[in-house]
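Student: Here you go, this is structure-v4.txt (compact mmCIF, C-alpha atoms).
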```txt
# COMPACT_ATOMS: atom_id res chain seq x y z
CA MET A 293 47.74 0.93 -51.07
CA SER A 294 49.10 -2.44 -52.10
CA THR A 295 49.90 -3.35 -55.67
CA LEU A 296 47.37 -6.15 -55.48
CA SER A 297 44.64 -3.79 -54.32
CA ALA A 298 45.45 -1.24 -57.02
CA THR A 299 45.51 -3.94 -59.70
CA SER A 300 42.19 -5.41 -58.56
CA LEU A 301 40.36 -2.11 -59.02
CA TRP A 302 41.96 -1.39 -62.37
CA ARG A 303 40.76 -4.82 -63.52
CA ASP A 304 37.39 -4.67 -61.77
CA ARG A 305 34.83 -4.27 -64.58
CA ARG A 306 32.06 -3.12 -62.23
CA PHE A 307 34.20 -0.41 -60.72
CA ARG A 308 35.38 0.75 -64.14
CA THR A 309 31.77 0.96 -65.34
CA PHE A 310 30.73 3.10 -62.39
CA TRP A 311 33.93 5.11 -62.64
CA SER A 312 33.20 6.02 -66.26
CA ALA A 313 29.62 7.00 -65.39
CA GLN A 314 30.78 9.30 -62.62
CA GLY A 315 33.61 10.75 -64.69
CA VAL A 316 31.38 11.85 -67.57
CA SER A 317 28.69 13.14 -65.20
CA GLU A 318 31.22 15.13 -63.17
CA PHE A 319 32.58 16.70 -66.37
CA GLY A 320 29.11 17.88 -67.33
CA ASP A 321 28.47 19.22 -63.83
CA ARG A 322 31.45 21.55 -64.08
CA ILE A 323 29.86 23.20 -67.12
CA THR A 324 26.57 23.80 -65.32
CA GLU A 325 28.31 25.11 -62.18
CA LEU A 326 29.95 27.79 -64.30
CA ALA A 327 26.98 28.36 -66.60
CA LEU A 328 24.24 28.97 -64.00
CA PRO A 329 25.88 31.98 -62.28
CA LEU A 330 27.09 33.32 -65.64
CA ILE A 331 23.54 33.17 -67.01
CA ALA A 332 22.38 35.07 -63.94
CA VAL A 333 25.18 37.67 -64.10
CA THR A 334 25.54 38.25 -67.85
CA MET A 335 22.04 37.54 -69.23
CA LEU A 336 19.74 38.43 -66.34
CA ASN A 337 21.86 41.18 -64.69
CA ALA A 338 21.69 39.55 -61.24
CA SER A 339 22.92 41.42 -58.16
CA PRO A 340 25.40 39.91 -55.66
CA SER A 341 22.54 38.96 -53.32
CA GLN A 342 20.62 37.30 -56.17
CA VAL A 343 23.71 35.31 -57.14
CA GLY A 344 24.03 34.32 -53.49
CA PHE A 345 20.39 33.14 -53.44
CA LEU A 346 20.99 31.13 -56.62
CA THR A 347 23.94 29.34 -55.01
CA ALA A 348 21.79 28.80 -51.92
CA ALA A 349 19.08 27.23 -54.08
CA VAL A 350 21.61 24.70 -55.41
CA TRP A 351 22.44 23.52 -51.90
CA ALA A 352 19.08 24.05 -50.12
CA PRO A 353 17.75 20.52 -50.88
CA ASN A 354 20.50 19.12 -48.68
CA LEU A 355 18.49 20.35 -45.71
CA ALA A 356 16.13 17.44 -46.44
CA SER A 357 18.96 14.89 -46.79
CA LEU A 358 18.20 13.28 -43.43
CA PHE A 359 14.64 12.41 -44.44
CA ILE A 360 15.55 11.45 -48.00
CA GLY A 361 18.37 9.24 -46.72
CA THR A 362 16.06 7.60 -44.20
CA TRP A 363 13.58 6.86 -47.01
CA VAL A 364 16.40 5.52 -49.19
CA ASP A 365 17.57 3.21 -46.37
CA HIS A 366 14.18 1.46 -46.58
CA ARG A 367 14.91 0.44 -50.20
CA ARG A 368 17.08 -2.66 -50.55
CA ASP A 369 18.27 -1.95 -54.10
CA LYS A 370 19.66 1.58 -54.36
CA ARG A 371 20.62 1.35 -58.04
CA PRO A 372 17.16 2.20 -59.53
CA LEU A 373 17.04 5.32 -57.37
CA MET A 374 20.40 6.47 -58.74
CA ILE A 375 19.24 5.91 -62.32
CA ALA A 376 15.98 7.78 -61.72
CA ALA A 377 17.89 10.71 -60.18
CA ASP A 378 20.14 10.94 -63.27
CA LEU A 379 17.19 10.93 -65.67
CA ALA A 380 15.31 13.54 -63.63
CA ARG A 381 18.31 15.88 -63.82
CA THR A 382 18.48 15.32 -67.58
CA ILE A 383 14.90 16.50 -68.10
CA LEU A 384 15.29 19.50 -65.80
CA LEU A 385 18.47 20.74 -67.44
CA LEU A 386 17.00 20.37 -70.94
CA SER A 387 14.36 22.95 -69.99
CA LEU A 388 17.04 25.69 -69.83
CA PRO A 389 18.05 25.76 -73.51
CA VAL A 390 14.38 25.34 -74.48
CA ALA A 391 13.43 28.40 -72.42
CA TYR A 392 16.33 30.32 -73.92
CA TRP A 393 15.27 29.51 -77.49
CA LEU A 394 11.68 30.56 -76.67
CA ASP A 395 12.94 33.78 -75.01
CA LEU A 396 11.35 32.73 -71.69
CA LEU A 397 14.48 32.48 -69.55
CA THR A 398 14.06 34.05 -66.10
CA LEU A 399 15.91 34.13 -62.79
CA GLY A 400 12.97 32.34 -61.20
CA GLN A 401 13.46 29.40 -63.56
CA LEU A 402 17.11 29.18 -62.55
CA TYR A 403 16.07 28.99 -58.89
CA VAL A 404 13.52 26.23 -59.57
CA ILE A 405 15.94 24.16 -61.65
CA ALA A 406 18.66 24.58 -59.03
CA ILE A 407 16.34 23.31 -56.28
CA LEU A 408 14.87 20.37 -58.22
CA THR A 409 18.20 19.14 -59.60
CA GLY A 410 19.54 19.49 -56.06
CA ILE A 411 16.80 17.19 -54.74
CA ALA A 412 17.67 14.60 -57.39
CA GLY A 413 21.33 14.97 -56.42
CA VAL A 414 20.51 14.26 -52.77
CA VAL A 415 18.62 11.09 -53.74
CA PHE A 416 21.63 9.96 -55.78
CA GLY A 417 24.13 10.85 -53.04
CA THR A 418 22.34 9.12 -50.18
CA ALA A 419 21.79 6.01 -52.30
CA TYR A 420 25.45 6.07 -53.30
CA ALA A 421 26.60 5.87 -49.66
CA SER A 422 25.20 2.32 -49.42
CA PHE A 423 25.93 1.42 -53.05
CA PHE A 424 29.64 2.28 -52.70
CA VAL A 425 30.35 -0.26 -49.94
CA ARG A 426 28.73 -3.01 -52.07
CA LEU A 427 30.80 -2.01 -55.10
CA VAL A 428 34.28 -2.19 -53.49
CA GLY A 429 35.78 -4.00 -50.51
CA ARG A 430 36.61 -2.34 -47.19
CA ASP A 431 40.35 -2.56 -47.88
CA GLN A 432 39.79 -0.61 -51.13
CA PHE A 433 37.85 2.36 -49.71
CA LEU A 434 40.83 4.73 -49.77
CA GLU A 435 41.96 3.58 -53.21
CA ALA A 436 38.47 3.79 -54.73
CA ASN A 437 37.88 7.24 -53.27
CA SER A 438 41.26 8.35 -54.61
CA LYS A 439 40.42 7.18 -58.13
CA LEU A 440 36.95 8.70 -58.11
CA SER A 441 38.31 11.95 -56.68
CA ALA A 442 41.09 12.04 -59.28
CA THR A 443 38.48 11.82 -62.02
CA ARG A 444 36.49 14.55 -60.32
CA SER A 445 39.62 16.69 -60.26
CA ILE A 446 40.19 16.12 -63.97
CA SER A 447 36.62 17.28 -64.55
CA PHE A 448 37.41 20.47 -62.65
CA MET A 449 40.44 20.95 -64.90
CA GLY A 450 38.74 20.36 -68.25
CA GLY A 451 35.10 21.12 -67.53
CA PRO A 452 35.32 24.87 -66.77
CA ALA A 453 37.78 25.49 -69.62
CA VAL A 454 35.66 23.65 -72.20
CA GLY A 455 32.50 25.06 -70.64
CA GLY A 456 33.79 28.63 -70.84
CA LEU A 457 34.61 28.21 -74.53
CA LEU A 458 31.24 26.56 -75.25
CA MET A 459 29.49 29.45 -73.53
CA GLN A 460 31.34 31.99 -75.67
CA TRP A 461 30.59 30.05 -78.87
CA LEU A 462 27.09 28.71 -78.15
CA THR A 463 25.85 30.77 -75.13
CA ALA A 464 25.59 29.40 -71.59
CA PRO A 465 22.07 27.87 -71.80
CA VAL A 466 23.00 25.82 -74.87
CA ALA A 467 26.24 24.64 -73.24
CA ILE A 468 24.14 23.08 -70.44
CA LEU A 469 22.98 20.51 -73.01
CA VAL A 470 26.33 18.79 -72.44
CA ASP A 471 25.55 18.26 -68.75
CA ALA A 472 22.07 16.93 -69.57
CA LEU A 473 23.56 14.35 -71.94
CA SER A 474 26.18 13.37 -69.33
CA PHE A 475 23.39 12.27 -66.98
CA VAL A 476 21.91 10.09 -69.73
CA PHE A 477 25.29 8.38 -70.08
CA SER A 478 25.57 7.94 -66.31
CA ALA A 479 22.09 6.38 -66.07
CA PHE A 480 22.89 3.98 -68.91
CA ARG A 481 26.20 2.85 -67.39
CA ILE A 482 24.76 2.36 -63.90
CA SER A 483 21.87 0.34 -65.38
CA ARG A 484 24.47 -2.16 -66.64
CA LEU A 485 25.98 -2.75 -63.19
CA ASP A 486 25.37 -6.02 -61.37
CA VAL A 487 25.77 -5.12 -57.70
CA THR A 488 24.24 -7.26 -54.96
CA PRO A 489 21.80 -5.12 -52.95
CA GLY A 490 22.62 -4.63 -49.29
CA GLU A 491 20.45 -4.94 -46.24
CA ALA A 492 17.38 -2.72 -46.17
CA ASP A 493 16.24 -0.97 -43.00
CA GLU A 494 13.09 -2.96 -42.34
CA THR A 495 12.21 -1.52 -38.96
CA PRO A 496 8.50 -0.70 -38.66
CA GLU A 497 9.03 2.71 -37.06
CA PRO A 498 7.74 5.80 -38.88
CA LEU A 499 10.14 7.71 -41.10
CA LEU A 500 10.49 10.55 -38.57
CA THR A 501 11.48 8.11 -35.79
CA ARG A 502 14.10 6.46 -37.99
CA ALA A 503 15.39 9.86 -39.08
CA ARG A 504 15.85 10.90 -35.45
CA ALA A 505 17.75 7.67 -34.82
CA GLY A 506 20.09 8.47 -37.69
CA MET A 507 20.73 11.98 -36.36
CA ARG A 508 21.35 10.66 -32.83
CA TYR A 509 23.81 8.10 -34.20
CA LEU A 510 25.69 10.84 -36.04
CA LEU A 511 25.84 13.30 -33.15
CA LYS A 512 26.94 10.65 -30.61
CA HIS A 513 29.54 9.06 -32.87
CA PRO A 514 33.05 9.94 -31.60
CA TYR A 515 34.47 10.22 -35.12
CA LEU A 516 31.55 11.47 -37.17
CA ARG A 517 30.50 14.33 -34.90
CA ARG A 518 33.97 15.94 -34.99
CA SER A 519 34.23 15.39 -38.73
CA LEU A 520 30.80 16.95 -39.16
CA ALA A 521 31.66 20.03 -37.09
CA CYS A 522 34.88 20.62 -39.03
CA SER A 523 33.32 20.10 -42.46
CA THR A 524 30.30 22.27 -41.63
CA THR A 525 32.47 25.18 -40.52
CA VAL A 526 34.63 24.93 -43.66
CA ASN A 527 31.57 24.74 -45.90
CA PHE A 528 29.81 27.72 -44.33
CA PHE A 529 32.73 30.08 -44.86
CA ASN A 530 33.76 28.54 -48.18
CA LEU A 531 30.31 29.10 -49.69
CA MET A 532 30.37 32.72 -48.56
CA GLY A 533 33.25 33.19 -50.97
CA MET A 534 32.37 30.69 -53.68
CA ALA A 535 28.92 32.25 -54.12
CA LEU A 536 30.65 35.43 -55.29
CA LEU A 537 33.80 34.07 -56.93
CA VAL A 538 32.48 34.00 -60.52
CA LEU A 539 30.98 37.48 -60.05
CA PHE A 540 34.29 38.73 -58.58
CA ALA A 541 36.28 37.24 -61.45
CA SER A 542 33.90 38.68 -64.04
CA ARG A 543 33.27 42.18 -62.67
CA ASP A 544 36.18 43.01 -60.34
CA LEU A 545 38.95 41.21 -62.20
CA GLY A 546 37.43 41.93 -65.62
CA LEU A 547 37.94 38.39 -66.94
CA SER A 548 35.88 36.89 -69.78
CA ALA A 549 33.92 33.62 -69.46
CA GLY A 550 36.60 31.78 -71.41
CA THR A 551 39.43 33.17 -69.25
CA ILE A 552 37.54 32.36 -66.04
CA GLY A 553 36.92 28.81 -67.25
CA LEU A 554 40.58 28.42 -68.24
CA ALA A 555 41.80 29.72 -64.87
CA PHE A 556 39.43 27.39 -63.03
CA GLY A 557 40.57 24.50 -65.20
CA ILE A 558 44.28 25.15 -64.67
CA GLY A 559 43.77 25.76 -60.96
CA SER A 560 41.79 22.56 -60.56
CA SER A 561 44.81 20.53 -61.64
CA GLY A 562 45.79 20.86 -57.99
CA GLY A 563 42.85 18.61 -57.19
CA LEU A 564 44.20 15.89 -59.46
CA LEU A 565 47.59 16.11 -57.79
CA GLY A 566 45.90 16.05 -54.38
CA ALA A 567 43.82 13.00 -55.30
CA VAL A 568 46.95 11.12 -56.37
CA ALA A 569 48.94 12.27 -53.33
CA ALA A 570 46.27 11.77 -50.64
CA ALA A 571 46.80 8.01 -50.12
CA PRO A 572 50.63 8.11 -49.85
CA LEU A 573 50.48 11.26 -47.72
CA SER A 574 48.01 9.50 -45.42
CA ARG A 575 50.52 6.69 -44.93
CA ILE A 576 53.41 9.09 -44.31
CA ILE A 577 51.91 11.62 -41.91
CA GLY A 578 48.74 9.80 -40.88
CA ALA A 579 45.18 10.13 -42.16
CA GLY A 580 44.06 12.32 -39.25
CA ARG A 581 46.91 14.80 -39.57
CA LEU A 582 46.37 15.06 -43.31
CA ILE A 583 42.70 15.85 -42.74
CA ALA A 584 43.68 18.61 -40.30
CA ALA A 585 46.25 20.06 -42.70
CA GLY A 586 43.70 20.11 -45.52
CA ALA A 587 41.20 21.89 -43.28
CA VAL A 588 43.69 24.73 -42.78
CA VAL A 589 45.16 25.12 -46.27
CA PHE A 590 41.89 24.79 -48.21
CA PRO A 591 40.06 27.90 -46.91
CA GLY A 592 43.20 30.02 -46.62
CA ALA A 593 44.35 29.41 -50.19
CA MET A 594 41.63 31.46 -51.84
CA ALA A 595 42.98 34.59 -50.17
CA LEU A 596 45.54 34.58 -53.00
CA VAL A 597 42.78 35.65 -55.37
CA LEU A 598 42.46 38.92 -53.45
CA LEU A 599 46.04 39.81 -54.36
CA ALA A 600 45.20 39.83 -58.09
CA GLN A 601 46.26 43.13 -59.65
CA GLY A 602 47.97 44.33 -62.78
CA PRO A 603 47.62 42.97 -66.33
CA GLN A 604 44.85 40.54 -67.19
CA TRP A 605 47.18 37.54 -67.32
CA VAL A 606 48.39 38.32 -63.77
CA ARG A 607 44.80 38.51 -62.49
CA ALA A 608 43.96 35.23 -64.21
CA ALA A 609 47.14 33.62 -62.84
CA ALA A 610 46.27 34.65 -59.27
CA LEU A 611 42.81 33.12 -59.67
CA ALA A 612 44.36 29.90 -61.01
CA ALA A 613 46.98 29.77 -58.22
CA GLY A 614 44.38 30.14 -55.49
CA MET A 615 42.30 27.40 -57.08
CA PHE A 616 45.35 25.12 -57.44
CA ILE A 617 46.30 25.24 -53.77
CA ALA A 618 42.68 25.06 -52.58
CA THR A 619 41.77 22.05 -54.73
CA PHE A 620 44.96 20.19 -53.72
CA ALA A 621 44.13 20.78 -50.06
CA VAL A 622 40.46 19.82 -50.33
CA MET A 623 41.40 16.44 -51.82
CA CYS A 624 43.83 15.86 -48.95
CA TYR A 625 40.89 16.57 -46.65
CA ASP A 626 38.05 14.79 -48.44
CA ILE A 627 39.65 11.48 -49.46
CA PRO A 628 40.87 10.32 -46.02
CA ASN A 629 37.85 11.91 -44.33
CA ASN A 630 35.33 10.13 -46.58
CA SER A 631 37.21 6.85 -46.24
CA MET A 632 37.26 7.21 -42.46
CA GLN A 633 33.51 7.82 -42.42
CA ALA A 634 32.88 4.71 -44.51
CA ALA A 635 35.04 2.61 -42.19
CA VAL A 636 33.40 3.69 -38.92
CA THR A 637 29.70 3.61 -39.93
CA HIS A 638 27.49 0.53 -39.43
CA ASP A 639 26.04 -0.87 -42.68
CA TYR A 640 22.38 -0.60 -41.70
CA MET A 641 22.75 3.13 -40.95
CA ARG A 642 24.71 4.29 -44.00
CA SER A 643 22.09 6.11 -46.09
CA ARG A 644 20.36 7.86 -43.23
CA VAL A 645 23.66 8.80 -41.55
CA SER A 646 24.88 10.09 -44.93
CA GLY A 647 21.62 12.03 -45.16
CA ALA A 648 21.95 13.39 -41.63
CA TYR A 649 25.55 14.39 -42.30
CA SER A 650 24.59 16.11 -45.55
CA SER A 651 21.60 17.86 -43.94
CA ILE A 652 23.99 19.72 -41.67
CA ASN A 653 27.23 19.77 -43.68
CA TYR A 654 25.69 20.67 -47.02
CA GLY A 655 22.61 22.28 -45.49
CA ILE A 656 24.82 25.03 -44.08
CA ARG A 657 25.98 25.93 -47.58
CA PRO A 658 22.79 27.82 -48.57
CA LEU A 659 23.14 29.91 -45.42
CA GLY A 660 26.78 30.59 -46.25
CA ALA A 661 25.85 31.55 -49.81
CA VAL A 662 23.05 33.89 -48.66
CA VAL A 663 25.26 35.49 -46.01
CA GLY A 664 28.01 35.89 -48.61
CA GLY A 665 25.61 37.50 -51.08
CA LEU A 666 24.18 39.90 -48.51
CA LEU A 667 27.61 40.69 -47.09
CA GLY A 668 28.90 41.28 -50.62
CA THR A 669 26.15 43.80 -51.23
CA TRP A 670 26.78 45.49 -47.86
CA ILE A 671 30.59 45.66 -47.50
CA GLY A 672 31.70 44.69 -51.00
CA VAL A 673 32.73 41.50 -52.74
CA ARG A 674 36.47 41.68 -52.01
CA PRO A 675 36.08 42.14 -48.19
CA THR A 676 33.56 39.28 -48.17
CA LEU A 677 36.09 36.98 -49.80
CA LEU A 678 38.58 37.92 -47.07
CA VAL A 679 36.04 37.08 -44.34
CA SER A 680 35.42 33.77 -46.11
CA ALA A 681 39.10 32.83 -46.13
CA ALA A 682 39.78 33.92 -42.54
CA GLY A 683 36.66 32.30 -41.07
CA GLY A 684 37.35 28.95 -42.71
CA LEU A 685 40.61 28.64 -40.76
CA LEU A 686 38.57 28.15 -37.57
CA ALA A 687 37.33 24.73 -38.73
CA VAL A 688 40.45 22.84 -37.67
CA LEU A 689 39.77 23.70 -34.01
CA TRP A 690 37.05 21.00 -33.98
CA LEU A 691 39.64 18.30 -34.66
CA ILE A 692 41.92 19.15 -31.74
CA GLY A 693 41.77 16.32 -29.20
CA SER A 694 39.53 14.16 -31.42
CA PRO A 695 40.11 10.47 -32.30
CA ASN A 696 40.07 11.61 -35.95
CA ILE A 697 43.33 13.52 -35.74
CA ARG A 698 44.99 10.69 -33.77
CA THR A 699 44.13 8.09 -36.43
CA HIS A 700 47.13 7.10 -38.52
CA ARG A 701 45.86 4.14 -40.56
CA LEU A 702 42.31 3.31 -41.67
CA ASP A 703 42.84 -0.45 -42.12
CA GLY A 704 41.97 -1.44 -38.57
CA LEU A 705 39.08 0.97 -38.02
CA GLU A 706 35.70 -0.56 -37.14
CA PRO A 707 32.35 1.04 -36.30
CA PRO A 708 32.54 1.82 -32.57
CA GLU A 709 29.98 0.67 -30.03
CA PHE A 710 28.53 3.54 -28.05
```
Translate the structure of the given file into structure tokens.
Tutor:
Amino acid sequence: MSTLSATSLWRDRRFRTFWSAQGVSEFGDRITELALPLIAVTMLNASPSQVGFLTAAVWAPNLASLFIGTWVDHRRDKRPLMIAADLARTILLLSLPVAYWLDLLTLGQLYVIAILTGIAGVVFGTAYASFFVRLVGRDQFLEANSKLSATRSISFMGGPAVGGLLMQWLTAPVAILVDALSFVFSAFRISRLDVTPGEADETPEPLLTRARAGMRYLLKHPYLRRSLACSTTVNFFNLMGMALLVLFASRDLGLSAGTIGLAFGIGSSGGLLGAVAAAPLSRIIGAGRLIAAGAVVFPGAMALVLLAQGPQWVRAAALAAGMFIATFAVMCYDIPNNSMQAAVTHDYMRSRVSGAYSSINYGIRPLGAVVGGLLGTWIGVRPTLLVSAAGGLLAVLWLIGSPNIRTHRLDGLEPPEF
């Protein structure tokens, strides 16, 4: 990253506006991610399988990402879609504290809200894939992703800790109000952005035909197909464990909501360090090798949580340590991987390819969460976390012999012809 490039983004008003919108929204999301399973576990007495189904509901809308992304590609200006998605999530989340105050809160409502907010998130994410490349220049992809990921890491540090305290003081449903308001702020900030719309996909083919073209492009792409296989394997096994992590911390480790939030917050500081270190590490060891290293360390790190024994502070420290190493590694994986994807994808295919990628990569997460929940009920939560950590290590095998792992610098990458 050159000094000129870094300075240009720090001084770029448009990027700062979007950056602030994402930062506040990410902070609110961390509260909801902790609050939803805690509501299920502590207020509605959910079983491990029910918690697994709730996590699956959060990610299930990604199965439709291919079709949503294809529909988004047909819209020239993606910004109104992002604003609408933020406002929809605001309204949905506000229904939780209302139901709580009226004594109508049910597990079914949690499932519905998880699915509908997930759909809105997919609309936002697929629109963002095209919006991002209009917001920053190609030579700033790695830098912009590093800055956005650093903010996301800070949200993982502060969000769970503040969220845990808010849940103890105000109850979990009321704490979700913070996330609802964060989406209002995000919609307002994005509405103030002046970003030139990109090219729309104006082909006359039906949506299904265009969706198939996006999936074919993804699966034939020499870079994207290997990246997809690696990410999908990591996500399947990771969600097996993450679906049960809050339950494990609460019931097996005996930690309170505030302690869990604090441990998550401290552990997530590894993500901030990883976001800062990803760009220089990419230059030193190569982007492809850093991606491979992240794919190994990320799933294996959470095995540290299984070693937690002894006094409460030791159990909390083990949880925080596992999170620290895992979040550092996932940033070293995500930042160069996302930047590589942006560099090797043709402009006219971005939203539908992003949708196709998410349909598989994120679409596998509900299956991982359900398998984790069922496995947790069958063999126990602790053994399931071990299976999650061990299975995730297999993901790096997809990168062996790929052009991804051989890529050192991203500057000269162009979308390949195939």
Student: Go through A:Phe480, A:Tyr640, A:Trp461, A:Phe590 one by one, measure the shortest atom-to-atom distance of each to A:Asn530 using all atoms listed in the file, and give the residue with the smallest value.
Tutor: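 Of the candidates, the smallest distance to A:Asn530 is held by A:Phe590.
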Student: Residues at most 10 Å from A:Ala648, counting all atoms listed in the file, excluding those fewer than 6 positions away in the same chain, as a list in words?
Tutor: Asn354, Leu355, Ala356, Ser357, Leu358, Phe359, Ile360, Gly361, Thr362, Thr418, Ala503, Arg504, Ala505, Gly506, Met507, Arg508, Tyr509, Leu510, Leu511, Leu520, Arg642, Tyr654 and Gly655 of chain A
Student: Store the residues picked out above in a file with C-alpha atoms, as a PDB file, keeping the file's coordinate frame.
Tutor:
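This is the output file out06.pdb:
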```
ATOM      1  CA  ASN A 354      20.500  19.120 -48.680  1.00  0.00           C
ATOM      2  CA  LEU A 355      18.490  20.350 -45.710  1.00  0.00           C
ATOM      3  CA  ALA A 356      16.130  17.440 -46.440  1.00  0.00           C
ATOM      4  CA  SER A 357      18.960  14.890 -46.790  1.00  0.00           C
ATOM      5  CA  LEU A 358      18.200  13.280 -43.430  1.00  0.00           C
ATOM      6  CA  PHE A 359      14.640  12.410 -44.440  1.00  0.00           C
ATOM      7  CA  ILE A 360      15.550  11.450 -48.000  1.00  0.00           C
ATOM      8  CA  GLY A 361      18.370   9.240 -46.720  1.00  0.00           C
ATOM      9  CA  THR A 362      16.060   7.600 -44.200  1.00  0.00           C
ATOM     10  CA  THR A 418      22.340   9.120 -50.180  1.00  0.00           C
ATOM     11  CA  ALA A 503      15.390   9.860 -39.080  1.00  0.00           C
ATOM     12  CA  ARG A 504      15.850  10.900 -35.450  1.00  0.00           C
ATOM     13  CA  ALA A 505      17.750   7.670 -34.820  1.00  0.00           C
ATOM     14  CA  GLY A 506      20.090   8.470 -37.690  1.00  0.00           C
ATOM     15  CA  MET A 507      20.730  11.980 -36.360  1.00  0.00           C
ATOM     16  CA  ARG A 508      21.350  10.660 -32.830  1.00  0.00           C
ATOM     17  CA  TYR A 509      23.810   8.100 -34.200  1.00  0.00           C
ATOM     18  CA  LEU A 510      25.690  10.840 -36.040  1.00  0.00           C
ATOM     19  CA  LEU A 511      25.840  13.300 -33.150  1.00  0.00           C
ATOM     20  CA  LEU A 520      30.800  16.950 -39.160  1.00  0.00           C
ATOM     21  CA  ARG A 642      24.710   4.290 -44.000  1.00  0.00           C
ATOM     22  CA  TYR A 654      25.690  20.670 -47.020  1.00  0.00           C
ATOM     23  CA  GLY A 655      22.610  22.280 -45.490  1.00  0.00           C
TER      24      GLY A 655
END
```
Student: One number please: atom CA of A:Ala376 to atom CA of A:Gly320, in Å, one decimal.
Tutor: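 Between atom CA of A:Ala376 and atom CA of A:Gly320 the gap works out to 17.5 Å.
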Student: Considering only C-alpha atoms, can you say which of A:Val636, A:Ala569, A:Ala613, A:Val526 comes closest to A:Glu435?
Tutor: A:Ala569
Student: Select, from A:Ile552, A:Ala682, A:Ile405, A:Ala587, the residue with the minimum atom-to-atom distance to A:Ser519, counting only C-alpha atoms.
Tutor: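 Answer, going by the shortest atom-to-atom distance: A:Ala587.
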Student: Restricting the calculation to all atoms listed in the file: of A:Ala681, A:Ile407, A:Ala635, A:Ala535, which residue gets closest to A:Ala421?
Tutor: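 Looking at the shortest contact to A:Ala421, the residue is A:Ala635.
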Student: Can you work out which one of A:Ala621, A:Val663, A:Leu686, A:Ala567 has the shortest atom-to-atom distance to A:Leu434, counting all atoms listed in the file?
Tutor: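 Nearest to A:Leu434: A:Ala567.
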Student: Can you work out which one of A:Arg371, A:Arg644, A:Arg674, A:Arg481 has the shortest atom-to-atom distance to A:Phe424, counting all atoms listed in the file?
Tutor: A:Arg371
Student: At what distance in Å, to one decimal, does atom CA of A:Ile656 lie from atom CA of A:Leu388?
Tutor: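 Separation of atom CA of A:Leu388 and atom CA of A:Ile656: 26.9 Å.
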Student: Quick one: axis-aligned box around all listed atoms of stretch 586-597 of chain A, 5 Å on every side, centre and edge lengths in Å to one decimal, written as lines of an AutoDock Vina configuration file.
Tutor:
```
center_x = 42.8
center_y = 27.9
center_z = -49.1
size_x = 15.5
size_y = 25.5
size_z = 22.6
```
Student: In Å, how far is it from atom CA of A:Leu328 to atom CA of A:Thr347?
Tutor: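 Separation between atom CA of A:Leu328 and atom CA of A:Thr347: 9.0 Å.
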Student: If you count only C-alpha atoms, which residues fall within 10 Å of A:Thr551, apart from same-chain ones fewer than 6 positions away, as a list in words?
Tutor: Pro452, Ala453, Gly456, Leu457, Ala541, Ser542, Gly557, Gln604, Trp605 and Ala608 of chain A
Student: Just the residues within 10 Å of A:Gly668, please, counting all atoms listed in the file, with nothing from its chain fewer than 3 positions along; format it as a PyMOL selection string.
Tutor: chain A and resi 339-341+344+532-533+535-536+540+662-665+671-677
Student: Could you list as number ranges by chain every residue that has an atom within 12 Å of (16.2, 21.7, -69.8), using the file's coordinates and counting all atoms listed in the file?
Tutor: A: 324, 379-393, 397, 401-402, 404-406, 408-409, 465-473
Student: Under the rule of at most 7 Å, produce a per-residue listing of stretch 483-565 of chain A near stretch 687-710 of chain A: chain, number, name, the closest pair of atoms, and the distance in Å, as a Markdown table, using all atoms listed in the file.
Tutor:
```
| residue | atom | partner | partner_atom | distance |
| --- | --- | --- | --- | --- |
| A:Tyr515 | CA | A:Asn696 | CA | 5.8 |
| A:Arg518 | CA | A:Trp690 | CA | 6.0 |
| A:Ala521 | CA | A:Trp690 | CA | 6.3 |
| A:Cys522 | CA | A:Ala687 | CA | 4.8 |
| A:Thr525 | CA | A:Ala687 | CA | 5.2 |
| A:Val526 | CA | A:Ala687 | CA | 5.6 |
```
Student: Write out, as a short mmCIF file (atom, residue, chain, number, x, y, z; two decimals), in the coordinates of the input, the residues just selected, with C-alpha atoms.
Tutor:
```
data_model
loop_
_atom_site.label_atom_id
_atom_site.label_comp_id
_atom_site.auth_asym_id
_atom_site.auth_seq_id
_atom_site.Cartn_x
_atom_site.Cartn_y
_atom_site.Cartn_z
CA TYR A 515 34.47 10.22 -35.12
CA ARG A 518 33.97 15.94 -34.99
CA ALA A 521 31.66 20.03 -37.09
CA CYS A 522 34.88 20.62 -39.03
CA THR A 525 32.47 25.18 -40.52
CA VAL A 526 34.63 24.93 -43.66
#
```
Student: Find the spatial neighbours of A:Ala313, counting only C-alpha atoms, within a cut-off of 7 Å - ignore same-chain residues fewer than 5 positions away - and output them as a PyMOL selection string.
Tutor: chain A and resi 477-478+481-482
Student: Residues at most 12 Å from A:Asp486, counting only C-alpha atoms, excluding those fewer than 6 positions away in the same chain, as a list in words?
Tutor: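 Residues near the query, excluding close chain neighbours: Arg305, Arg306, Phe307, Thr309, Phe310, Asp369, Lys370, Arg371, Pro372, Phe423, Arg426 and Leu427 of chain A.
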